[in-house]
Every structure is written in structure tokens, then in C-alpha cells.
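Peer 1: The following file, structure39.cif, comprises mmCIF, C-alpha atoms:
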data_entry
#
loop_
_atom_site.group_PDB
_atom_site.id
_atom_site.type_symbol
_atom_site.label_atom_id
_atom_site.label_comp_id
_atom_site.auth_asym_id
_atom_site.auth_seq_id
_atom_site.Cartn_x
_atom_site.Cartn_y
_atom_site.Cartn_z
ATOM 1 C CA MET X 20 -60.123 48.099 -40.381
ATOM 2 C CA ARG X 21 -56.660 46.873 -39.281
ATOM 3 C CA ILE X 22 -56.002 43.114 -39.529
ATOM 4 C CA ASN X 23 -54.100 41.801 -36.533
ATOM 5 C CA GLY X 24 -50.660 40.225 -37.107
ATOM 6 C CA ILE X 25 -51.743 36.591 -36.765
ATOM 7 C CA VAL X 26 -54.613 36.936 -39.244
ATOM 8 C CA GLN X 27 -52.381 38.814 -41.635
ATOM 9 C CA ARG X 28 -49.750 36.069 -41.578
ATOM 10 C CA LEU X 29 -52.395 33.390 -42.133
ATOM 11 C CA PHE X 30 -53.708 35.382 -45.097
ATOM 12 C CA PHE X 31 -50.306 35.435 -46.793
ATOM 13 C CA VAL X 32 -49.653 31.744 -46.057
ATOM 14 C CA ALA X 33 -52.983 30.899 -47.698
ATOM 15 C CA LEU X 34 -52.188 33.140 -50.669
ATOM 16 C CA ILE X 35 -48.788 31.511 -51.237
ATOM 17 C CA ALA X 36 -50.329 28.038 -50.952
ATOM 18 C CA ALA X 37 -53.002 28.918 -53.507
ATOM 19 C CA GLN X 38 -50.366 30.199 -55.922
ATOM 20 C CA ALA X 39 -48.385 26.977 -55.470
ATOM 21 C CA VAL X 40 -51.442 24.927 -56.394
ATOM 22 C CA ILE X 41 -52.171 26.819 -59.594
ATOM 23 C CA ALA X 42 -48.524 27.255 -60.664
ATOM 24 C CA PRO X 43 -47.695 25.151 -63.735
ATOM 25 C CA ALA X 44 -45.672 22.009 -63.128
ATOM 26 C CA ALA X 45 -41.997 22.149 -64.061
ATOM 27 C CA GLU X 46 -41.226 20.730 -67.498
ATOM 28 C CA PRO X 47 -39.488 17.336 -67.464
ATOM 29 C CA PRO X 48 -35.831 17.438 -68.534
ATOM 30 C CA PHE X 49 -35.174 17.224 -72.262
ATOM 31 C CA ARG X 50 -33.712 13.805 -72.970
ATOM 32 C CA VAL X 51 -30.508 13.202 -74.896
ATOM 33 C CA GLY X 52 -30.255 9.511 -75.693
ATOM 34 C CA GLY X 53 -27.922 7.258 -77.608
ATOM 35 C CA TYR X 54 -28.001 3.686 -78.864
ATOM 36 C CA LEU X 55 -25.002 1.457 -78.081
ATOM 37 C CA PRO X 56 -24.903 -1.696 -80.235
ATOM 38 C CA ASP X 57 -23.285 -4.844 -78.879
ATOM 39 C CA TYR X 58 -20.608 -4.626 -81.583
ATOM 40 C CA ARG X 59 -19.583 -1.162 -80.277
ATOM 41 C CA ALA X 60 -19.665 -1.974 -76.547
ATOM 42 C CA GLU X 61 -15.874 -2.134 -76.239
ATOM 43 C CA ALA X 62 -15.157 0.814 -78.533
ATOM 44 C CA VAL X 63 -17.129 3.709 -76.986
ATOM 45 C CA ALA X 64 -15.319 5.733 -74.315
ATOM 46 C CA ALA X 65 -16.979 6.163 -70.929
ATOM 47 C CA GLU X 66 -16.771 9.962 -71.257
ATOM 48 C CA VAL X 67 -19.549 9.779 -73.875
ATOM 49 C CA ALA X 68 -21.979 9.330 -70.981
ATOM 50 C CA GLU X 69 -21.338 12.942 -69.930
ATOM 51 C CA SER X 70 -23.443 14.062 -72.914
ATOM 52 C CA LEU X 71 -26.307 11.625 -72.290
ATOM 53 C CA THR X 72 -29.350 11.390 -70.076
ATOM 54 C CA ASP X 73 -30.363 8.008 -71.549
ATOM 55 C CA LEU X 74 -28.464 5.034 -72.937
ATOM 56 C CA THR X 75 -30.121 2.238 -74.934
ATOM 57 C CA LEU X 76 -28.266 -1.045 -75.327
ATOM 58 C CA PHE X 77 -28.891 -2.634 -78.718
ATOM 59 C CA SER X 78 -30.116 -5.385 -78.606
ATOM 60 C CA ILE X 79 -31.506 -8.680 -77.435
ATOM 61 C CA GLU X 80 -34.024 -10.756 -79.376
ATOM 62 C CA VAL X 81 -37.181 -12.738 -78.682
ATOM 63 C CA LYS X 82 -38.160 -16.294 -79.524
ATOM 64 C CA PRO X 83 -41.665 -17.166 -80.776
ATOM 65 C CA ASP X 84 -42.584 -18.629 -77.373
ATOM 66 C CA GLY X 85 -41.899 -15.292 -75.640
ATOM 67 C CA SER X 86 -38.545 -16.243 -74.126
ATOM 68 C CA LEU X 87 -35.528 -13.962 -74.499
ATOM 69 C CA ASN X 88 -32.555 -14.626 -76.743
ATOM 70 C CA GLU X 89 -29.631 -12.857 -75.056
ATOM 71 C CA LYS X 90 -26.884 -14.099 -77.398
ATOM 72 C CA ARG X 91 -25.957 -10.621 -78.664
ATOM 73 C CA TRP X 92 -25.177 -9.135 -75.235
ATOM 74 C CA LYS X 93 -22.616 -11.480 -73.733
ATOM 75 C CA ALA X 94 -20.724 -11.075 -70.451
ATOM 76 C CA PRO X 95 -17.824 -9.173 -72.110
ATOM 77 C CA HIS X 96 -20.272 -6.598 -73.523
ATOM 78 C CA TRP X 97 -21.807 -5.980 -70.093
ATOM 79 C CA ALA X 98 -18.338 -5.663 -68.583
ATOM 80 C CA ALA X 99 -17.159 -3.273 -71.299
ATOM 81 C CA SER X 100 -20.179 -1.014 -70.856
ATOM 82 C CA LYS X 101 -19.985 -0.984 -67.045
ATOM 83 C CA GLU X 102 -18.019 2.275 -66.732
ATOM 84 C CA LEU X 103 -20.187 4.007 -69.334
ATOM 85 C CA ARG X 104 -23.351 2.928 -67.521
ATOM 86 C CA SER X 105 -22.077 3.937 -64.094
ATOM 87 C CA ARG X 106 -22.453 7.717 -64.567
ATOM 88 C CA ALA X 107 -24.786 9.064 -61.910
ATOM 89 C CA GLY X 108 -28.273 9.821 -63.203
ATOM 90 C CA LEU X 109 -27.873 7.980 -66.517
ATOM 91 C CA ARG X 110 -30.933 5.870 -67.380
ATOM 92 C CA THR X 111 -30.052 2.641 -69.198
ATOM 93 C CA HIS X 112 -32.594 0.751 -71.301
ATOM 94 C CA ILE X 113 -32.439 -2.476 -73.266
ATOM 95 C CA CYS X 114 -33.610 -2.553 -76.863
ATOM 96 C CA VAL X 115 -35.498 -5.666 -77.951
ATOM 97 C CA GLY X 116 -35.457 -6.382 -81.662
ATOM 98 C CA GLY X 117 -34.103 -4.272 -84.502
ATOM 99 C CA TRP X 118 -33.867 -4.398 -88.275
ATOM 100 C CA ASP X 119 -32.636 -7.990 -88.697
ATOM 101 C CA ARG X 120 -33.489 -9.017 -85.132
ATOM 102 C CA SER X 121 -37.298 -8.912 -85.172
ATOM 103 C CA ASP X 122 -38.118 -12.559 -85.917
ATOM 104 C CA GLY X 123 -40.447 -13.844 -83.265
ATOM 105 C CA PHE X 124 -42.531 -10.735 -82.649
ATOM 106 C CA ALA X 125 -45.337 -11.759 -85.000
ATOM 107 C CA ALA X 126 -45.837 -15.124 -83.285
ATOM 108 C CA ILE X 127 -45.595 -13.612 -79.775
ATOM 109 C CA CYS X 128 -48.171 -10.949 -80.472
ATOM 110 C CA GLN X 129 -50.747 -13.561 -81.511
ATOM 111 C CA SER X 130 -50.257 -15.691 -78.385
ATOM 112 C CA PRO X 131 -51.487 -14.557 -74.936
ATOM 113 C CA ALA X 132 -49.204 -17.097 -73.253
ATOM 114 C CA ALA X 133 -46.151 -15.878 -75.183
ATOM 115 C CA ARG X 134 -46.966 -12.242 -74.400
ATOM 116 C CA THR X 135 -47.229 -13.055 -70.697
ATOM 117 C CA ARG X 136 -43.931 -14.930 -70.713
ATOM 118 C CA LEU X 137 -42.158 -12.121 -72.544
ATOM 119 C CA GLY X 138 -43.384 -9.535 -70.070
ATOM 120 C CA GLN X 139 -42.294 -11.587 -67.069
ATOM 121 C CA GLU X 140 -38.859 -12.310 -68.553
ATOM 122 C CA LEU X 141 -38.300 -8.645 -69.429
ATOM 123 C CA VAL X 142 -39.106 -7.499 -65.888
ATOM 124 C CA GLU X 143 -36.673 -10.071 -64.490
ATOM 125 C CA PHE X 144 -34.026 -9.120 -67.077
ATOM 126 C CA CYS X 145 -34.278 -5.430 -66.164
ATOM 127 C CA ARG X 146 -33.975 -6.200 -62.467
ATOM 128 C CA ARG X 147 -30.985 -8.453 -63.039
ATOM 129 C CA HIS X 148 -29.113 -5.793 -65.009
ATOM 130 C CA SER X 149 -30.374 -2.703 -63.119
ATOM 131 C CA LEU X 150 -32.099 -1.232 -66.170
ATOM 132 C CA ALA X 151 -34.578 1.643 -66.332
ATOM 133 C CA GLY X 152 -36.765 0.136 -69.016
ATOM 134 C CA VAL X 153 -37.274 -1.503 -72.408
ATOM 135 C CA ASN X 154 -37.260 -0.119 -75.948
ATOM 136 C CA LEU X 155 -39.289 -2.375 -78.262
ATOM 137 C CA ASP X 156 -38.109 -2.272 -81.893
ATOM 138 C CA TRP X 157 -40.178 -4.489 -84.186
ATOM 139 C CA GLU X 158 -39.216 -3.652 -87.770
ATOM 140 C CA HIS X 159 -41.995 -3.729 -88.828
ATOM 141 C CA PRO X 160 -45.556 -4.943 -88.141
ATOM 142 C CA SER X 161 -47.393 -4.624 -91.435
ATOM 143 C CA THR X 162 -50.746 -6.403 -91.354
ATOM 144 C CA ALA X 163 -53.755 -5.286 -89.328
ATOM 145 C CA ASP X 164 -53.495 -8.425 -87.160
ATOM 146 C CA GLU X 165 -49.835 -7.711 -86.400
ATOM 147 C CA GLN X 166 -50.597 -4.106 -85.493
ATOM 148 C CA LEU X 167 -53.440 -5.161 -83.174
ATOM 149 C CA GLY X 168 -51.235 -7.857 -81.658
ATOM 150 C CA LEU X 169 -48.495 -5.321 -80.946
ATOM 151 C CA ALA X 170 -51.036 -3.056 -79.272
ATOM 152 C CA SER X 171 -52.077 -5.949 -77.012
ATOM 153 C CA LEU X 172 -48.453 -6.697 -76.184
ATOM 154 C CA LEU X 173 -47.685 -3.066 -75.328
ATOM 155 C CA ARG X 174 -50.767 -2.762 -73.136
ATOM 156 C CA GLU X 175 -49.852 -5.912 -71.220
ATOM 157 C CA LEU X 176 -46.215 -4.843 -70.838
ATOM 158 C CA GLN X 177 -47.314 -1.486 -69.460
ATOM 159 C CA GLN X 178 -49.422 -3.227 -66.827
ATOM 160 C CA LEU X 179 -46.323 -5.153 -65.695
ATOM 161 C CA PHE X 180 -43.758 -2.390 -66.123
ATOM 162 C CA HIS X 181 -45.359 0.532 -64.356
ATOM 163 C CA PRO X 182 -45.781 -1.212 -60.978
ATOM 164 C CA ALA X 183 -42.117 -2.223 -61.350
ATOM 165 C CA ARG X 184 -41.186 1.410 -62.124
ATOM 166 C CA LEU X 185 -39.881 0.492 -65.579
ATOM 167 C CA GLU X 186 -40.245 2.653 -68.689
ATOM 168 C CA LEU X 187 -41.636 1.320 -71.951
ATOM 169 C CA SER X 188 -40.759 2.873 -75.296
ATOM 170 C CA ILE X 189 -41.159 1.840 -78.903
ATOM 171 C CA ALA X 190 -39.007 2.603 -81.944
ATOM 172 C CA VAL X 191 -40.984 3.323 -85.111
ATOM 173 C CA ALA X 192 -40.442 4.273 -88.716
ATOM 174 C CA PRO X 193 -42.243 7.496 -89.728
ATOM 175 C CA SER X 194 -44.785 5.577 -91.810
ATOM 176 C CA GLN X 195 -45.716 3.156 -89.013
ATOM 177 C CA LYS X 196 -49.445 2.832 -88.357
ATOM 178 C CA LEU X 197 -50.672 1.541 -84.997
ATOM 179 C CA PRO X 198 -53.968 1.569 -83.073
ATOM 180 C CA ALA X 199 -54.486 4.399 -80.594
ATOM 181 C CA GLU X 200 -54.165 2.008 -77.638
ATOM 182 C CA ALA X 201 -50.612 1.156 -78.736
ATOM 183 C CA TRP X 202 -49.503 4.781 -78.611
ATOM 184 C CA ALA X 203 -51.294 5.235 -75.282
ATOM 185 C CA ALA X 204 -49.488 2.266 -73.711
ATOM 186 C CA VAL X 205 -45.938 3.557 -74.180
ATOM 187 C CA ASP X 206 -44.041 6.220 -72.284
ATOM 188 C CA HIS X 207 -42.017 7.343 -75.318
ATOM 189 C CA VAL X 208 -41.983 6.892 -79.079
ATOM 190 C CA MET X 209 -38.530 6.824 -80.681
ATOM 191 C CA LEU X 210 -39.065 8.321 -84.142
ATOM 192 C CA MET X 211 -36.424 6.931 -86.532
ATOM 193 C CA SER X 212 -36.171 9.986 -88.755
ATOM 194 C CA TYR X 213 -33.648 8.784 -91.305
ATOM 195 C CA ASP X 214 -33.061 6.454 -94.263
ATOM 196 C CA ASP X 215 -35.415 8.242 -96.652
ATOM 197 C CA ALA X 216 -34.704 7.835 -100.355
ATOM 198 C CA GLY X 217 -32.204 10.320 -101.766
ATOM 199 C CA LYS X 218 -31.026 12.784 -99.107
ATOM 200 C CA HIS X 219 -31.887 10.457 -96.296
ATOM 201 C CA SER X 220 -32.446 12.740 -93.277
ATOM 202 C CA THR X 221 -33.088 16.392 -94.047
ATOM 203 C CA PHE X 222 -34.463 18.991 -91.640
ATOM 204 C CA GLU X 223 -37.649 19.150 -93.736
ATOM 205 C CA SER X 224 -38.087 15.374 -93.641
ATOM 206 C CA CYS X 225 -37.955 15.234 -89.830
ATOM 207 C CA GLN X 226 -40.701 17.872 -89.694
ATOM 208 C CA LYS X 227 -42.772 15.760 -92.079
ATOM 209 C CA HIS X 228 -42.063 12.587 -90.075
ATOM 210 C CA LEU X 229 -43.226 14.198 -86.841
ATOM 211 C CA ALA X 230 -46.415 15.445 -88.505
ATOM 212 C CA MET X 231 -47.199 11.860 -89.573
ATOM 213 C CA LEU X 232 -47.042 10.736 -85.941
ATOM 214 C CA LEU X 233 -49.004 13.673 -84.580
ATOM 215 C CA ASP X 234 -51.728 12.977 -87.145
ATOM 216 C CA GLN X 235 -52.204 9.577 -85.465
ATOM 217 C CA GLY X 236 -52.780 11.256 -82.133
ATOM 218 C CA VAL X 237 -49.340 10.704 -80.611
ATOM 219 C CA PRO X 238 -48.618 13.570 -78.180
ATOM 220 C CA ALA X 239 -45.498 15.584 -79.028
ATOM 221 C CA SER X 240 -44.429 15.215 -75.393
ATOM 222 C CA LYS X 241 -43.975 11.444 -75.930
ATOM 223 C CA VAL X 242 -41.797 11.714 -79.032
ATOM 224 C CA VAL X 243 -38.018 11.360 -79.008
ATOM 225 C CA LEU X 244 -36.545 12.427 -82.357
ATOM 226 C CA CYS X 245 -33.820 10.015 -83.487
ATOM 227 C CA LEU X 246 -30.927 11.621 -85.376
ATOM 228 C CA PRO X 247 -28.332 9.896 -87.590
ATOM 229 C CA LEU X 248 -24.605 9.912 -86.847
ATOM 230 C CA TYR X 249 -23.980 8.540 -90.318
ATOM 231 C CA GLY X 250 -24.409 9.530 -93.941
ATOM 232 C CA ARG X 251 -25.455 7.751 -97.109
ATOM 233 C CA GLN X 252 -24.380 7.976 -100.716
ATOM 234 C CA VAL X 253 -27.406 9.513 -102.422
ATOM 235 C CA LYS X 254 -27.161 7.169 -105.406
ATOM 236 C CA THR X 255 -25.713 3.904 -104.064
ATOM 237 C CA ARG X 256 -27.112 4.131 -100.476
ATOM 238 C CA GLU X 257 -23.698 3.132 -99.094
ATOM 239 C CA ALA X 258 -23.435 4.178 -95.448
ATOM 240 C CA LEU X 259 -20.487 5.989 -93.876
ATOM 241 C CA THR X 260 -20.184 6.887 -90.212
ATOM 242 C CA TYR X 261 -19.786 10.550 -89.322
ATOM 243 C CA ALA X 262 -16.281 9.707 -88.086
ATOM 244 C CA GLU X 263 -15.439 8.267 -91.528
ATOM 245 C CA ILE X 264 -16.924 11.305 -93.278
ATOM 246 C CA MET X 265 -14.834 13.667 -91.149
ATOM 247 C CA GLN X 266 -11.687 11.633 -91.652
ATOM 248 C CA LYS X 267 -12.148 11.250 -95.411
ATOM 249 C CA TYR X 268 -13.617 14.639 -96.401
ATOM 250 C CA ALA X 269 -13.308 17.038 -93.419
ATOM 251 C CA PRO X 270 -16.421 18.990 -94.553
ATOM 252 C CA ARG X 271 -17.192 22.479 -93.269
ATOM 253 C CA PRO X 272 -19.610 22.628 -90.295
ATOM 254 C CA ASP X 273 -22.337 24.202 -92.445
ATOM 255 C CA LEU X 274 -22.355 21.392 -95.025
ATOM 256 C CA ASP X 275 -24.638 18.324 -95.126
ATOM 257 C CA GLU X 276 -23.374 16.854 -98.378
ATOM 258 C CA VAL X 277 -19.930 16.116 -99.762
ATOM 259 C CA GLU X 278 -18.902 14.026 -102.781
ATOM 260 C CA GLY X 279 -22.451 12.680 -103.106
ATOM 261 C CA VAL X 280 -22.686 11.639 -99.423
ATOM 262 C CA PHE X 281 -25.576 13.188 -97.499
ATOM 263 C CA PHE X 282 -25.325 13.438 -93.711
ATOM 264 C CA ASN X 283 -26.289 15.735 -90.838
ATOM 265 C CA GLY X 284 -23.509 18.197 -90.072
ATOM 266 C CA PRO X 285 -23.195 20.234 -86.854
ATOM 267 C CA GLY X 286 -25.495 22.987 -88.122
ATOM 268 C CA THR X 287 -28.337 20.636 -89.007
ATOM 269 C CA ILE X 288 -27.916 18.572 -85.833
ATOM 270 C CA ALA X 289 -28.132 21.756 -83.742
ATOM 271 C CA ALA X 290 -31.128 23.025 -85.740
ATOM 272 C CA LYS X 291 -33.025 19.738 -85.336
ATOM 273 C CA THR X 292 -32.276 19.647 -81.615
ATOM 274 C CA ALA X 293 -33.411 23.241 -81.068
ATOM 275 C CA TRP X 294 -36.548 22.616 -83.130
ATOM 276 C CA ALA X 295 -37.354 19.452 -81.153
ATOM 277 C CA GLN X 296 -37.232 21.506 -77.961
ATOM 278 C CA SER X 297 -39.292 24.334 -79.420
ATOM 279 C CA VAL X 298 -42.176 22.039 -80.421
ATOM 280 C CA GLY X 299 -42.260 20.257 -77.066
ATOM 281 C CA LEU X 300 -40.727 16.887 -77.884
ATOM 282 C CA ALA X 301 -39.472 14.658 -75.065
ATOM 283 C CA GLY X 302 -35.934 14.690 -76.418
ATOM 284 C CA VAL X 303 -33.561 13.511 -79.116
ATOM 285 C CA ALA X 304 -31.501 10.342 -79.488
ATOM 286 C CA VAL X 305 -28.696 9.291 -81.821
ATOM 287 C CA TRP X 306 -28.073 6.190 -83.881
ATOM 288 C CA GLU X 307 -25.482 5.269 -82.881
ATOM 289 C CA LEU X 308 -22.777 6.254 -80.403
ATOM 290 C CA GLY X 309 -19.889 4.448 -82.083
ATOM 291 C CA GLN X 310 -20.388 6.386 -85.329
ATOM 292 C CA ASP X 311 -19.629 9.825 -83.893
ATOM 293 C CA ALA X 312 -16.447 11.749 -84.617
ATOM 294 C CA PRO X 313 -14.014 12.122 -81.697
ATOM 295 C CA GLY X 314 -13.115 15.277 -79.788
ATOM 296 C CA GLU X 315 -14.613 18.665 -80.554
ATOM 297 C CA ALA X 316 -15.995 17.418 -83.898
ATOM 298 C CA SER X 317 -18.471 15.240 -81.988
ATOM 299 C CA LEU X 318 -22.104 15.731 -83.005
ATOM 300 C CA LEU X 319 -23.242 14.457 -79.621
ATOM 301 C CA LYS X 320 -21.330 17.254 -77.923
ATOM 302 C CA ARG X 321 -23.008 19.699 -80.309
ATOM 303 C CA ILE X 322 -26.402 18.384 -79.196
ATOM 304 C CA ARG X 323 -25.572 18.869 -75.531
ATOM 305 C CA ARG X 324 -24.392 22.444 -76.161
ATOM 306 C CA THR X 325 -27.650 23.156 -77.982
ATOM 307 C CA VAL X 326 -29.948 21.807 -75.266
ATOM 308 C CA ARG X 327 -31.166 24.610 -73.025
#
Go ahead and express the file in the form of C-alpha cells.

Peer 2:
Amino acid sequence: MRINGIVQRLFFVALIAAQAVIAPAAEPPFRVGGYLPDYRAEAVAAEVAESLTDLTLFSIEVKPDGSLNEKRWKAPHWAASKELRSRAGLRTHICVGGWDRSDGFAAICQSPAARTRLGQELVEFCRRHSLAGVNLDWEHPSTADEQLGLASLLRELQQLFHPARLELSIAVAPSQKLPAEAWAAVDHVMLMSYDDAGKHSTFESCQKHLAMLLDQGVPASKVVLCLPLYGRQVKTREALTYAEIMQKYAPRPDLDEVEGVFFNGPGTIAAKTAWAQSVGLAGVAVWELGQDAPGEASLLKRIRRTVR
């Protein structure tokens, strides 16, 4: 039996529509992020943004009552970072907390009123500075009460952030333990895969660090692997930026250790980036932008060349 032209066309339209419905969704872009500390705001060239999809400004702090302490990021820092932030498509986030900047979190997480105030002030702060979201960096909740309190804070922030179209991420050490609801509340988990004893950030250690997160039920698609742009003396733990390592030792691209200093050279940075893509991570990020070597020696440029 011959099908007339109109019926035949309708058949093919329906077939194409059905295929569109069952076709897998496109994968989200692989993120390449970088932290910019306040003390580097005037030293990082705007061209660095060409290698980034995400920029995280480090950092502001919180007071025990849930109010923000903005003393680190003053008007000159915002002005200095303006050109860097202006690249089309670049998402800029604010980091809250950090290694010596986490006082106040414990008290906030135990107080519903303080949690509410913090959430409201963060939404207003992001609107005021045209930010894409917040990266929470409490180093580190240790007791069960603190971990539960952080989970409550993250859940409440998510409820405020998502209607405001703001992202919420959390920076964690590999050994961090949190309740399942904490991991569920965040859009991304920044895995700080460095500062181990001895050789502080090997390829094998980042695989181990990821496994520790996945064992807690964190989806790989939420994880952003943080890479170091610095090295450490294996014995003394003294830190040197990658720029200092290149200037002082000029190591070959295939080396990760020179004169007792362990770091991630171009080969390891590329291998970690490619591996992060292959296992379905959300992206990679670097600590921190001001530590990179200039020009073609840049590790950030090596990351961007590696990303498919």
C-alpha cells in the first residue's frame, strides 16, 4: 500500500520528534576554575581569564551572628579585578572562609537566626557585585554537631540561592566527612587534592582523594578537582609557587620534583585534567592564579589545551 505524501511527511516528523526525546542530553561544559586571593588581585593579568570558565574570589569572612566581614576585599581589589571579571561568559563566585578565615562558622551553624541572616546577606552581596554564586570554605568542621550544623546551613542556603539563580559550592579536604544532605544541597564540591604529607599532590593521591568522596555518595558529576600551582619541600614543607620553581630551577616538563621540592609539572597537570574528564568530573580548578608561571610555561594554559 502506498502512503500519500502528507501522511508520509507526518510519519517522519513524528519519528524525528521521538528520536529527539530519547536522545541523551548534551554534557555540560567541563569547568576550568581558578582562585584569586585578595592579595593577588592587582597582580594577575586580565588575559588569564581567557583560560577560565570560572573565577573564585578569595575571600570574605563571617561573624558569629551571621553577618559578613568584607574587610579582605576592599574597593581597590574590586577595581583591580574588574577587567579580569569582564570576560564574556566568565562565572565569578565569592569564597567565604578559608584556612585562617573560618572563625564564626561553628557559631553560625548552631543558630537558626544566624544562618538566616548569613543567607540573606550572601544573596544581597552576590547581587551587589554581579556574582554567579558562593563557595563555602570552612576549614574544617570536626565534631558531629558541627557537621550537622553545616548540613543545615547548606540546605537553607540552597533554598535561598536557587530561586535567585545562584550556585552553591563547598571546598573540602579529602578526609572531610559530612551527612548525605550536605552533599545533596550543593551544586559542586571543590576537592582540595593537595598538601598531603611527603610528596603533597601526586597523581595517585588525587585518585585516592576522589574515591574517598565517592564512597560518601558524592556524584562524580558534582566534583571539581583542585590542582596546586605550587610545590612543597618534602622535608621542611616550605611552599614555593610554580613561578618561583621555574625561575629558580627551570625543571624539565616531565619532572615533578627538583632539589627536594615536589610540585605538579605540565605532564602531571595534563594527566590529572584528562583523567578528571575521563571519569566524569565537573571540572578542575587551580589554587591559585597568582602562583602560575608566565607565558608558555603556564600550567593554566596547559590545562586549557588538555580540555577537549

Peer 1: Would you work out the distance separating atom CA of Glu66 of chain X from atom CA of Asp206 of chain X, expressed in Å to one decimal?

Peer 2: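 Distance between the two atoms: 27.5 Å.
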
Peer 1: Which residues, protein or nucleic acid, reach to within 12 Å of (-19.7, 15.8, -101.1) in the file's coordinates when using all atoms listed in the file, and can you give that as JSON, numbers by chain?

Peer 2: {"X": [218, 250, 251, 252, 253, 264, 265, 267, 268, 269, 270, 271, 274, 275, 276, 277, 278, 279, 280, 281, 282, 284]}

Peer 1: What does the file look like for those residues with C-alpha atoms, as a PDB file, in the coordinates of the input?

Peer 2:
ATOM      1  CA  LYS X 218     -31.026  12.784 -99.107  1.00  0.00           C
ATOM      2  CA  GLY X 250     -24.409   9.530 -93.941  1.00  0.00           C
ATOM      3  CA  ARG X 251     -25.455   7.751 -97.109  1.00  0.00           C
ATOM      4  CA  GLN X 252     -24.380   7.976-100.716  1.00  0.00           C
ATOM      5  CA  VAL X 253     -27.406   9.513-102.422  1.00  0.00           C
ATOM      6  CA  ILE X 264     -16.924  11.305 -93.278  1.00  0.00           C
ATOM      7  CA  MET X 265     -14.834  13.667 -91.149  1.00  0.00           C
ATOM      8  CA  LYS X 267     -12.148  11.250 -95.411  1.00  0.00           C
ATOM      9  CA  TYR X 268     -13.617  14.639 -96.401  1.00  0.00           C
ATOM     10  CA  ALA X 269     -13.308  17.038 -93.419  1.00  0.00           C
ATOM     11  CA  PRO X 270     -16.421  18.990 -94.553  1.00  0.00           C
ATOM     12  CA  ARG X 271     -17.192  22.479 -93.269  1.00  0.00           C
ATOM     13  CA  LEU X 274     -22.355  21.392 -95.025  1.00  0.00           C
ATOM     14  CA  ASP X 275     -24.638  18.324 -95.126  1.00  0.00           C
ATOM     15  CA  GLU X 276     -23.374  16.854 -98.378  1.00  0.00           C
ATOM     16  CA  VAL X 277     -19.930  16.116 -99.762  1.00  0.00           C
ATOM     17  CA  GLU X 278     -18.902  14.026-102.781  1.00  0.00           C
ATOM     18  CA  GLY X 279     -22.451  12.680-103.106  1.00  0.00           C
ATOM     19  CA  VAL X 280     -22.686  11.639 -99.423  1.00  0.00           C
ATOM     20  CA  PHE X 281     -25.576  13.188 -97.499  1.00  0.00           C
ATOM     21  CA  PHE X 282     -25.325  13.438 -93.711  1.00  0.00           C
ATOM     22  CA  GLY X 284     -23.509  18.197 -90.072  1.00  0.00           C
TER      23      GLY X 284
END

Peer 1: Please determine, counting only C-alpha atoms, which residue among X:Leu233, X:Leu248, X:Ala192, X:Ala60 has the shortest atom-to-atom distance to Ala94 of chain X.

Peer 2: X:Ala60

Peer 1: Using Å and a single decimal, report how far atom CA of Leu318 of chain X sits from atom CA of Ser100 of chain X.

Peer 2: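 For atom CA of Ser100 of chain X relative to atom CA of Leu318 of chain X, the distance reads 20.8 Å.
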
Peer 1: Using Å and a single decimal, report how far atom CA of Val305 of chain X sits from atom CA of Gly53 of chain X.

Peer 2: 4.7 Å

Peer 1: Name all residues at most 7 Å from Asn154 of chain X (count all atoms listed in the file; drop same-chain ones fewer than 4 positions away) and give them as a PyMOL selection string.

Peer 2: chain X and resi 112-115+187-190

Peer 1: Using all atoms listed in the file, which residue out of X:Ala126, X:Ser212, X:Leu229, X:Asp73 lies closest to Gly108 of chain X?

Peer 2: X:Asp73

Peer 1: Given the PyMOL selection byres ((chain X and resi 49-51) around 7) and the file above, list the residues it selects as a list in words.

Peer 2: Pro47, Pro48, Gly52, Leu71, Thr72, Asp73, Ala301, Gly302, Val303 and Ala304 of chain X

Peer 1: Which residues come within 12 Å of Leu76 of chain X, counting all atoms listed in the file, excluding same-chain residues fewer than 6 positions away, as a ChimeraX atom specification?

Peer 2: /X:52-60,89,91-93,96-97,100-101,103-104,110-117,145,148,150-156,306-308

Peer 1: Just checking: using all atoms listed in the file, which residue out of X:Ala170, X:Leu300, X:Ala293, X:Thr162 ends up closest to Val208 of chain X?

Peer 2: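 For Val208 of chain X, the nearest of the candidates is X:Leu300.
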
Peer 1: Please write the residues picked by the PyMOL selection byres ((chain X and resi 228) around 9) on this file as a list in words.

Peer 2: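 What the PyMOL selection byres ((chain X and resi 228) around 9) grabs from the file is Ala192, Pro193, Ser194, Leu210, Met211, Ser212, Glu223, Ser224, Cys225, Gln226, Lys227, Leu229, Ala230, Met231, Leu232 and Leu233 of chain X.
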